[in-house]
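Trainee: Quick one: the structure is below, questions incoming.
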Amino acid sequence: MKHTFLFVRQEGLSGITNAAVLTIDYAVAVAGVADALKAFKKGVNQWVAETSAGRRCWEESSEGLNIGDLLNEDTDDPEFKAILWQHQVKIVEMRSIEHDATEANDLVLASDPEVPSAYVVWEASGEIETFPSDAKAREARIARGRSGTVYADRAEAIKEVTTRTLGEMSEQQRRDEKNGLYGDKQDPAN
């Protein structure tokens, strides 16, 4: 069963200054997370006691081997892997986490965003303008002294612009036909 551990170092009041993630696969399916960590620690202790690489790592750590010290070791070393496996542990991932700042998990990232809810189709230009509320849309009409229709539904505003545009195209076609123009060619009968 896989278990993931987050190791953090906090120095003074500056918050978390270093973090590492360790994910291990513990072959004992009914064991809990505490048992998995205990088995991992037993494996590391055995590695320190029985191998020259483990002894060197422990000595270089001032005899206080922690995850930061272990991050600098070759955990793919067959001897290290074999000792961990004797304790039914396999390292899936072990890495430090680079970060610039630490924030609380419950830091609110979005709160009541101002979602557009009103659309004005301006009479003169036929353009759609978006506003955060119906009241803001009506205020803009008055402040600008322009006429336009306020819609609460964007699809309705788009429909209005499309209908108006098609109507204007139809009106232009009627004028072209009346003047003997078809598309961009002149009627030879005129």
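If you're wondering about the labels, chains in the structure tokens are A, B, ... by order shown, residues count from 1 in each chain, ligands from 1 in order shown.
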Write out as a list in words which residues come within 12 Å of A:Ser61 when counting only C-alpha atoms, dropping same-chain ones fewer than 4 positions away.
Mentor: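 Contacts, in chain order: Val48, Gly54, Arg55, Arg56, Cys57, Leu65, Asn66, Ile67, Gly68, Asp69, Leu70, Leu71, Asn72 and Glu73 of chain A.
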Trainee: Might you pull out every residue within 12 Å of stretch 87-99 of chain A, with only C-alpha atoms counted and same-chain residues fewer than 4 positions away left off, and present them as a CSV table (one decimal) with all heavy atoms, in the first residue's frame?
Mentor:
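Saved file part_39.csv follows:
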```csv
chain,number,residue,atom,x,y,z
A,1,MET,N,0.8,-1.2,0.0
A,1,MET,CA,0.0,0.0,0.0
A,1,MET,C,0.9,1.2,0.0
A,1,MET,O,1.9,1.3,0.8
A,1,MET,CB,-0.9,0.0,1.2
A,1,MET,CG,-1.7,1.2,1.4
A,1,MET,SD,-2.9,1.0,2.8
A,1,MET,CE,-4.4,0.9,1.8
A,2,LYS,N,0.6,2.2,-0.8
A,2,LYS,CA,1.4,3.4,-0.9
A,2,LYS,C,1.0,4.4,0.2
A,2,LYS,O,-0.2,4.6,0.5
A,2,LYS,CB,1.2,4.1,-2.3
A,2,LYS,CG,1.8,3.3,-3.4
A,2,LYS,CD,1.8,4.1,-4.7
A,2,LYS,CE,2.4,3.2,-5.8
A,2,LYS,NZ,2.2,3.7,-7.1
A,3,HIS,N,2.1,5.0,0.7
A,3,HIS,CA,1.9,6.1,1.8
A,3,HIS,C,2.8,7.2,1.4
A,3,HIS,O,3.9,7.0,1.0
A,3,HIS,CB,2.3,5.5,3.1
A,3,HIS,CG,1.5,4.4,3.6
A,3,HIS,ND1,0.2,4.6,4.1
A,3,HIS,CD2,1.7,3.1,3.6
A,3,HIS,CE1,-0.3,3.4,4.5
A,3,HIS,NE2,0.6,2.5,4.2
A,4,THR,N,2.3,8.4,1.5
A,4,THR,CA,3.1,9.6,1.2
A,4,THR,C,3.2,10.5,2.5
A,4,THR,O,2.3,10.7,3.2
A,4,THR,CB,2.4,10.5,0.1
A,4,THR,OG1,2.2,9.7,-1.1
A,4,THR,CG2,3.2,11.7,-0.2
A,5,PHE,N,4.5,10.9,2.7
A,5,PHE,CA,4.8,11.7,3.9
A,5,PHE,C,5.4,13.0,3.4
A,5,PHE,O,6.2,13.1,2.5
A,5,PHE,CB,5.9,10.9,4.7
A,5,PHE,CG,5.5,9.6,5.1
A,5,PHE,CD1,5.8,8.5,4.4
A,5,PHE,CD2,4.8,9.4,6.3
A,5,PHE,CE1,5.4,7.2,4.8
A,5,PHE,CE2,4.4,8.1,6.7
A,5,PHE,CZ,4.7,7.0,5.9
A,6,LEU,N,5.0,14.1,4.1
A,6,LEU,CA,5.5,15.4,3.8
A,6,LEU,C,6.4,15.8,5.0
A,6,LEU,O,5.9,15.8,6.2
A,6,LEU,CB,4.4,16.4,3.6
A,6,LEU,CG,4.8,17.9,3.4
A,6,LEU,CD1,5.6,18.0,2.1
A,6,LEU,CD2,3.6,18.8,3.4
A,7,PHE,N,7.7,16.0,4.8
A,7,PHE,CA,8.6,16.4,5.8
A,7,PHE,C,8.8,17.9,5.6
A,7,PHE,O,9.2,18.4,4.6
A,7,PHE,CB,9.9,15.7,5.7
A,7,PHE,CG,9.8,14.2,5.8
A,7,PHE,CD1,9.5,13.4,4.8
A,7,PHE,CD2,10.1,13.6,7.1
A,7,PHE,CE1,9.4,12.0,5.0
A,7,PHE,CE2,10.1,12.3,7.3
A,7,PHE,CZ,9.7,11.4,6.2
A,8,VAL,N,8.7,18.7,6.7
A,8,VAL,CA,8.9,20.1,6.7
A,8,VAL,C,9.8,20.6,7.7
A,8,VAL,O,9.9,20.0,8.8
A,8,VAL,CB,7.5,20.9,6.8
A,8,VAL,CG1,6.6,20.6,5.6
A,8,VAL,CG2,6.8,20.6,8.1
A,9,ARG,N,10.6,21.6,7.4
A,9,ARG,CA,11.5,22.3,8.3
A,9,ARG,C,11.0,23.7,8.5
A,9,ARG,O,10.8,24.4,7.5
A,9,ARG,CB,12.9,22.3,7.8
A,9,ARG,CG,13.9,23.1,8.7
A,9,ARG,CD,15.3,23.0,8.2
A,9,ARG,NE,15.7,21.7,8.3
A,9,ARG,CZ,16.9,21.2,7.9
A,9,ARG,NH1,17.8,22.1,7.5
A,9,ARG,NH2,17.2,20.0,8.0
A,15,GLY,N,8.4,30.6,8.8
A,15,GLY,CA,7.5,29.6,8.2
A,15,GLY,C,8.3,28.4,7.7
A,15,GLY,O,9.5,28.3,8.1
A,16,ILE,N,7.7,27.6,6.9
A,16,ILE,CA,8.4,26.4,6.4
A,16,ILE,C,9.5,26.9,5.5
A,16,ILE,O,9.3,27.6,4.5
A,16,ILE,CB,7.4,25.5,5.7
A,16,ILE,CG1,6.4,25.0,6.7
A,16,ILE,CG2,8.1,24.4,5.0
A,16,ILE,CD1,5.3,24.2,6.1
A,17,THR,N,10.7,26.5,5.8
A,17,THR,CA,11.9,26.9,5.0
A,17,THR,C,12.3,25.8,4.0
A,17,THR,O,13.1,26.0,3.1
A,17,THR,CB,13.0,27.3,5.8
A,17,THR,OG1,13.4,26.2,6.7
A,17,THR,CG2,12.7,28.5,6.7
A,18,ASN,N,11.9,24.5,4.3
A,18,ASN,CA,12.3,23.4,3.5
A,18,ASN,C,11.3,22.3,3.6
A,18,ASN,O,10.7,22.2,4.6
A,18,ASN,CB,13.7,22.9,3.9
A,18,ASN,CG,14.3,22.0,2.8
A,18,ASN,OD1,13.7,21.7,1.8
A,18,ASN,ND2,15.6,21.6,3.1
A,19,ALA,N,11.0,21.6,2.5
A,19,ALA,CA,10.0,20.6,2.5
A,19,ALA,C,10.5,19.4,1.6
A,19,ALA,O,11.2,19.7,0.6
A,19,ALA,CB,8.7,21.1,2.0
A,20,ALA,N,10.1,18.2,1.9
A,20,ALA,CA,10.4,17.1,1.1
A,20,ALA,C,9.2,16.1,1.1
A,20,ALA,O,8.5,16.1,2.1
A,20,ALA,CB,11.7,16.3,1.6
A,21,VAL,N,9.1,15.4,0.0
A,21,VAL,CA,8.0,14.4,-0.1
A,21,VAL,C,8.7,13.0,-0.2
A,21,VAL,O,9.6,12.8,-1.0
A,21,VAL,CB,7.2,14.6,-1.3
A,21,VAL,CG1,6.2,13.5,-1.6
A,21,VAL,CG2,6.4,15.9,-1.2
A,22,LEU,N,8.1,12.1,0.5
A,22,LEU,CA,8.5,10.7,0.4
A,22,LEU,C,7.3,9.8,0.2
A,22,LEU,O,6.4,9.9,1.0
A,22,LEU,CB,9.3,10.2,1.7
A,22,LEU,CG,9.5,8.7,1.9
A,22,LEU,CD1,10.6,8.3,0.8
A,22,LEU,CD2,10.0,8.4,3.3
A,23,THR,N,7.3,9.1,-0.9
A,23,THR,CA,6.2,8.1,-1.1
A,23,THR,C,6.8,6.7,-1.1
A,23,THR,O,7.8,6.5,-1.9
A,23,THR,CB,5.5,8.4,-2.4
A,23,THR,OG1,5.0,9.7,-2.4
A,23,THR,CG2,4.3,7.4,-2.6
A,24,ILE,N,6.3,5.9,-0.3
A,24,ILE,CA,6.8,4.5,-0.2
A,24,ILE,C,5.7,3.5,-0.5
A,24,ILE,O,4.5,3.9,-0.2
A,24,ILE,CB,7.5,4.2,1.2
A,24,ILE,CG1,6.5,4.4,2.3
A,24,ILE,CG2,8.7,5.0,1.4
A,24,ILE,CD1,7.0,3.9,3.7
A,25,ASP,N,6.0,2.4,-0.9
A,25,ASP,CA,5.1,1.3,-1.1
A,25,ASP,C,5.4,0.3,0.0
A,25,ASP,O,6.5,-0.2,0.0
A,25,ASP,CB,5.2,0.7,-2.5
A,25,ASP,CG,4.1,-0.2,-2.9
A,25,ASP,OD1,3.2,-0.5,-2.0
A,25,ASP,OD2,4.1,-0.8,-4.0
A,26,TYR,N,4.5,0.1,0.9
A,26,TYR,CA,4.6,-0.8,2.0
A,26,TYR,C,3.8,-2.1,1.7
A,26,TYR,O,2.6,-2.0,1.6
A,26,TYR,CB,4.2,-0.2,3.3
A,26,TYR,CG,4.5,-1.0,4.5
A,26,TYR,CD1,5.7,-1.6,4.7
A,26,TYR,CD2,3.6,-1.0,5.6
A,26,TYR,CE1,6.0,-2.3,5.9
A,26,TYR,CE2,3.9,-1.7,6.7
A,26,TYR,CZ,5.1,-2.4,6.9
A,26,TYR,OH,5.3,-3.1,8.0
A,27,ALA,N,4.5,-3.2,1.6
A,27,ALA,CA,3.9,-4.4,1.1
A,27,ALA,C,2.8,-5.0,2.1
A,27,ALA,O,2.1,-5.9,1.7
A,27,ALA,CB,4.9,-5.5,0.8
A,28,VAL,N,2.8,-4.5,3.3
A,28,VAL,CA,1.8,-5.1,4.3
A,28,VAL,C,0.5,-4.3,4.1
A,28,VAL,O,0.4,-3.1,4.5
A,28,VAL,CB,2.4,-4.9,5.7
A,28,VAL,CG1,1.4,-5.5,6.7
A,28,VAL,CG2,3.7,-5.6,5.8
A,29,ALA,N,-0.4,-4.9,3.5
A,29,ALA,CA,-1.7,-4.2,3.1
A,29,ALA,C,-2.5,-3.8,4.3
A,29,ALA,O,-3.2,-2.7,4.2
A,29,ALA,CB,-2.5,-5.1,2.2
A,31,ALA,N,-1.4,-2.8,7.2
A,31,ALA,CA,-0.7,-1.9,8.1
A,31,ALA,C,-1.2,-0.5,7.9
A,31,ALA,O,-1.6,-0.1,6.8
A,31,ALA,CB,0.8,-2.0,7.9
A,35,ASP,N,2.8,2.3,10.8
A,35,ASP,CA,3.6,1.1,10.6
A,35,ASP,C,4.5,1.2,9.4
A,35,ASP,O,5.6,0.7,9.4
A,35,ASP,CB,2.7,-0.1,10.4
A,35,ASP,CG,1.8,-0.4,11.7
A,35,ASP,OD1,2.4,-0.2,12.8
A,35,ASP,OD2,0.7,-0.8,11.6
A,36,ALA,N,4.0,1.8,8.3
A,36,ALA,CA,4.8,2.0,7.1
A,36,ALA,C,6.1,2.9,7.4
A,36,ALA,O,7.2,2.6,7.0
A,36,ALA,CB,4.0,2.6,6.0
A,37,LEU,N,5.9,4.0,8.1
A,37,LEU,CA,7.0,4.8,8.5
A,37,LEU,C,8.0,4.1,9.4
A,37,LEU,O,9.2,4.2,9.2
A,37,LEU,CB,6.5,6.1,9.1
A,37,LEU,CG,7.6,7.2,9.4
A,37,LEU,CD1,8.4,7.6,8.2
A,37,LEU,CD2,7.0,8.4,10.1
A,38,LYS,N,7.5,3.4,10.3
A,38,LYS,CA,8.3,2.6,11.2
A,38,LYS,C,9.2,1.6,10.5
A,38,LYS,O,10.4,1.5,10.7
A,38,LYS,CB,7.4,1.9,12.3
A,38,LYS,CG,8.2,1.2,13.4
A,38,LYS,CD,7.2,0.6,14.4
A,38,LYS,CE,7.9,0.0,15.5
A,38,LYS,NZ,6.9,-0.6,16.5
A,39,ALA,N,8.6,0.9,9.5
A,39,ALA,CA,9.3,-0.1,8.7
A,39,ALA,C,10.4,0.6,7.8
A,39,ALA,O,11.5,0.1,7.7
A,39,ALA,CB,8.3,-0.8,7.8
A,40,PHE,N,10.1,1.8,7.3
A,40,PHE,CA,11.0,2.6,6.5
A,40,PHE,C,12.2,3.0,7.4
A,40,PHE,O,13.4,2.8,7.0
A,40,PHE,CB,10.4,3.8,5.9
A,40,PHE,CG,11.3,4.7,5.2
A,40,PHE,CD1,11.8,4.4,3.9
A,40,PHE,CD2,11.7,5.9,5.7
A,40,PHE,CE1,12.7,5.2,3.2
A,40,PHE,CE2,12.6,6.8,5.0
A,40,PHE,CZ,13.1,6.4,3.8
A,41,LYS,N,11.9,3.5,8.6
A,41,LYS,CA,13.0,3.9,9.5
A,41,LYS,C,13.9,2.7,9.9
A,41,LYS,O,15.1,2.8,10.0
A,41,LYS,CB,12.4,4.5,10.8
A,41,LYS,CG,11.8,5.9,10.5
A,41,LYS,CD,11.0,6.5,11.6
A,41,LYS,CE,11.9,6.7,12.9
A,41,LYS,NZ,11.1,7.4,13.9
A,42,LYS,N,13.3,1.5,10.1
A,42,LYS,CA,14.0,0.3,10.5
A,42,LYS,C,15.0,-0.1,9.3
A,42,LYS,O,16.1,-0.4,9.5
A,42,LYS,CB,13.1,-0.9,10.7
A,42,LYS,CG,12.5,-0.9,12.1
A,42,LYS,CD,11.6,-2.1,12.3
A,42,LYS,CE,11.0,-2.1,13.7
A,42,LYS,NZ,10.2,-3.3,13.9
A,43,GLY,N,14.5,0.1,8.1
A,43,GLY,CA,15.3,-0.2,6.9
A,43,GLY,C,16.5,0.8,6.8
A,43,GLY,O,17.6,0.3,6.6
A,44,VAL,N,16.2,2.0,7.1
A,44,VAL,CA,17.3,3.0,7.0
A,44,VAL,C,18.3,2.8,8.1
A,44,VAL,O,19.5,2.8,7.9
A,44,VAL,CB,16.8,4.5,7.1
A,44,VAL,CG1,17.9,5.5,7.2
A,44,VAL,CG2,15.9,4.8,5.8
A,45,ASN,N,17.8,2.4,9.3
A,45,ASN,CA,18.7,2.1,10.4
A,45,ASN,C,19.6,0.9,10.1
A,45,ASN,O,20.8,0.9,10.4
A,45,ASN,CB,17.9,1.8,11.7
A,45,ASN,CG,17.7,3.0,12.5
A,45,ASN,OD1,18.6,3.8,12.8
A,45,ASN,ND2,16.4,3.2,12.9
A,46,GLN,N,19.0,-0.1,9.5
A,46,GLN,CA,19.8,-1.3,9.1
A,46,GLN,C,20.8,-0.9,8.0
A,46,GLN,O,22.0,-1.4,8.1
A,46,GLN,CB,18.9,-2.4,8.6
A,46,GLN,CG,19.6,-3.7,8.2
A,46,GLN,CD,18.7,-4.8,7.7
A,46,GLN,OE1,17.5,-4.8,8.0
A,46,GLN,NE2,19.2,-5.8,7.1
A,47,TRP,N,20.5,-0.1,7.1
A,47,TRP,CA,21.4,0.4,6.0
A,47,TRP,C,22.6,1.1,6.7
A,47,TRP,O,23.7,0.9,6.3
A,47,TRP,CB,20.6,1.3,5.1
A,47,TRP,CG,21.4,1.9,4.0
A,47,TRP,CD1,22.1,1.3,3.0
A,47,TRP,CD2,21.7,3.3,3.9
A,47,TRP,NE1,22.7,2.3,2.2
A,47,TRP,CE2,22.5,3.5,2.7
A,47,TRP,CE3,21.3,4.4,4.6
A,47,TRP,CZ2,22.9,4.8,2.3
A,47,TRP,CZ3,21.7,5.7,4.2
A,47,TRP,CH2,22.5,5.8,3.1
A,67,ILE,N,15.6,13.2,6.5
A,67,ILE,CA,15.2,13.1,5.1
A,67,ILE,C,16.1,14.0,4.1
A,67,ILE,O,16.4,13.6,3.0
A,67,ILE,CB,13.7,13.4,4.9
A,67,ILE,CG1,13.2,13.0,3.5
A,67,ILE,CG2,13.5,14.9,5.1
A,67,ILE,CD1,13.1,11.6,3.3
A,68,GLY,N,16.5,15.1,4.6
A,68,GLY,CA,17.4,16.0,3.8
A,68,GLY,C,18.7,15.3,3.5
A,68,GLY,O,19.3,15.4,2.4
A,69,ASP,N,19.3,14.6,4.5
A,69,ASP,CA,20.5,13.9,4.3
A,69,ASP,C,20.3,12.7,3.3
A,69,ASP,O,21.1,12.5,2.4
A,69,ASP,CB,21.1,13.3,5.6
A,69,ASP,CG,21.3,14.4,6.6
A,69,ASP,OD1,22.0,15.4,6.3
A,69,ASP,OD2,20.8,14.3,7.7
A,70,LEU,N,19.2,12.0,3.4
A,70,LEU,CA,18.9,10.9,2.6
A,70,LEU,C,18.6,11.3,1.1
A,70,LEU,O,18.9,10.6,0.2
A,70,LEU,CB,17.7,10.2,3.1
A,70,LEU,CG,17.5,8.7,2.7
A,70,LEU,CD1,18.8,7.9,3.0
A,70,LEU,CD2,16.3,8.1,3.5
A,71,LEU,N,18.1,12.6,0.9
A,71,LEU,CA,17.9,13.1,-0.4
A,71,LEU,C,19.2,13.2,-1.2
A,71,LEU,O,19.2,13.1,-2.4
A,71,LEU,CB,17.3,14.5,-0.4
A,71,LEU,CG,15.8,14.5,-0.1
A,71,LEU,CD1,15.3,15.9,0.3
A,71,LEU,CD2,15.0,13.9,-1.2
A,72,ASN,N,20.3,13.3,-0.5
A,72,ASN,CA,21.6,13.4,-1.2
A,72,ASN,C,22.2,12.0,-1.5
A,72,ASN,O,23.3,12.0,-2.1
A,72,ASN,CB,22.6,14.2,-0.4
A,72,ASN,CG,22.1,15.6,-0.2
A,72,ASN,OD1,21.7,16.2,-1.1
A,72,ASN,ND2,22.3,16.2,1.0
A,73,GLU,N,21.6,11.0,-1.2
A,73,GLU,CA,22.1,9.6,-1.4
A,73,GLU,C,21.5,9.0,-2.6
A,73,GLU,O,20.4,9.4,-3.1
A,73,GLU,CB,21.8,8.7,-0.2
A,73,GLU,CG,22.6,9.2,1.1
A,73,GLU,CD,24.1,9.1,0.9
A,73,GLU,OE1,24.6,8.1,0.4
A,73,GLU,OE2,24.7,10.1,1.3
A,74,ASP,N,22.2,8.0,-3.1
A,74,ASP,CA,21.7,7.2,-4.3
A,74,ASP,C,20.7,6.1,-3.8
A,74,ASP,O,21.1,5.1,-3.4
A,74,ASP,CB,22.9,6.6,-5.0
A,74,ASP,CG,22.4,5.7,-6.2
A,74,ASP,OD1,21.2,5.8,-6.6
A,74,ASP,OD2,23.2,5.0,-6.8
A,75,THR,N,19.5,6.4,-3.8
A,75,THR,CA,18.5,5.5,-3.3
A,75,THR,C,18.2,4.4,-4.3
A,75,THR,O,17.4,3.5,-3.9
A,75,THR,CB,17.2,6.2,-2.8
A,75,THR,OG1,16.7,7.0,-4.0
A,75,THR,CG2,17.4,7.2,-1.7
A,76,ASP,N,18.7,4.5,-5.4
A,76,ASP,CA,18.6,3.4,-6.4
A,76,ASP,C,19.7,2.3,-6.2
A,76,ASP,O,19.8,1.3,-7.0
A,76,ASP,CB,18.6,3.9,-7.8
A,76,ASP,CG,17.3,4.6,-8.2
A,76,ASP,OD1,16.3,4.2,-7.7
A,76,ASP,OD2,17.3,5.5,-9.1
A,77,ASP,N,20.6,2.6,-5.3
A,77,ASP,CA,21.7,1.6,-5.0
A,77,ASP,C,21.1,0.3,-4.6
A,77,ASP,O,20.2,0.2,-3.7
A,77,ASP,CB,22.5,2.1,-3.8
A,77,ASP,CG,23.6,1.2,-3.4
A,77,ASP,OD1,24.5,0.9,-4.2
A,77,ASP,OD2,23.5,0.7,-2.2
A,78,PRO,N,21.5,-0.8,-5.3
A,78,PRO,CA,20.9,-2.1,-5.1
A,78,PRO,C,20.9,-2.6,-3.6
A,78,PRO,O,20.0,-3.2,-3.1
A,78,PRO,CB,21.7,-3.1,-6.0
A,78,PRO,CG,22.3,-2.2,-7.0
A,78,PRO,CD,22.5,-0.8,-6.4
A,80,PHE,N,21.0,-0.7,-0.9
A,80,PHE,CA,20.0,0.1,-0.1
A,80,PHE,C,18.6,-0.4,-0.4
A,80,PHE,O,17.8,-0.6,0.5
A,80,PHE,CB,20.1,1.6,-0.5
A,80,PHE,CG,19.2,2.5,0.2
A,80,PHE,CD1,19.3,2.7,1.6
A,80,PHE,CD2,18.1,3.2,-0.4
A,80,PHE,CE1,18.5,3.6,2.3
A,80,PHE,CE2,17.3,4.0,0.3
A,80,PHE,CZ,17.5,4.2,1.6
A,81,LYS,N,18.2,-0.6,-1.7
A,81,LYS,CA,16.9,-1.1,-2.0
A,81,LYS,C,16.7,-2.5,-1.4
A,81,LYS,O,15.6,-2.8,-0.9
A,81,LYS,CB,16.8,-1.2,-3.6
A,81,LYS,CG,16.7,0.2,-4.2
A,81,LYS,CD,16.8,0.2,-5.7
A,81,LYS,CE,15.6,-0.2,-6.4
A,81,LYS,NZ,15.6,-0.1,-7.8
A,82,ALA,N,17.7,-3.4,-1.4
A,82,ALA,CA,17.5,-4.7,-0.9
A,82,ALA,C,17.2,-4.7,0.6
A,82,ALA,O,16.4,-5.4,1.1
A,82,ALA,CB,18.7,-5.6,-1.2
A,83,ILE,N,17.9,-3.8,1.3
A,83,ILE,CA,17.7,-3.7,2.8
A,83,ILE,C,16.3,-3.2,3.1
A,83,ILE,O,15.6,-3.7,3.9
A,83,ILE,CB,18.8,-2.8,3.4
A,83,ILE,CG1,20.1,-3.6,3.4
A,83,ILE,CG2,18.4,-2.4,4.9
A,83,ILE,CD1,21.3,-2.7,3.9
A,103,GLU,N,2.1,29.1,2.3
A,103,GLU,CA,0.8,29.7,2.6
A,103,GLU,C,-0.1,28.7,3.3
A,103,GLU,O,0.1,27.5,3.2
A,103,GLU,CB,0.1,30.2,1.3
A,103,GLU,CG,0.8,31.2,0.6
A,103,GLU,CD,0.9,32.5,1.3
A,103,GLU,OE1,0.0,32.8,2.2
A,103,GLU,OE2,1.8,33.3,1.1
```
Trainee: Would you work out the distance separating atom CA of A:Glu127 from atom CA of A:Arg141, expressed in Å to one decimal?
Mentor: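 Distance reported for this atom pair: 13.2 Å.
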Trainee: Restricting the calculation to only C-alpha atoms, which member of A:Gly126, A:Gly64, A:Gly32, A:Gly12 is positioned closest to A:Ala157?
Mentor: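 Residue with the minimum atom-to-atom distance to A:Ala157: A:Gly126.
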Trainee: Using only C-alpha atoms, find the one residue out of A:Asn179, A:Phe131, A:Ala118, A:Gly167 that sits nearest to A:Arg154.
Mentor: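 Answer, going by the shortest atom-to-atom distance: A:Ala118.
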Trainee: What is the atom CA of A:Ala155-atom CA of A:Tyr119 distance in Å, reported with one decimal?
Mentor: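 Between these atoms lies a distance of 9.7 Å.
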Trainee: I need the strand (DSSP E or B) residues of chain A per DSSP on the backbone, written as a ChimeraX atom specification.
Mentor: /A:2-10,16-26,89-97,118-122,128-131,148-151,181-182,185-186
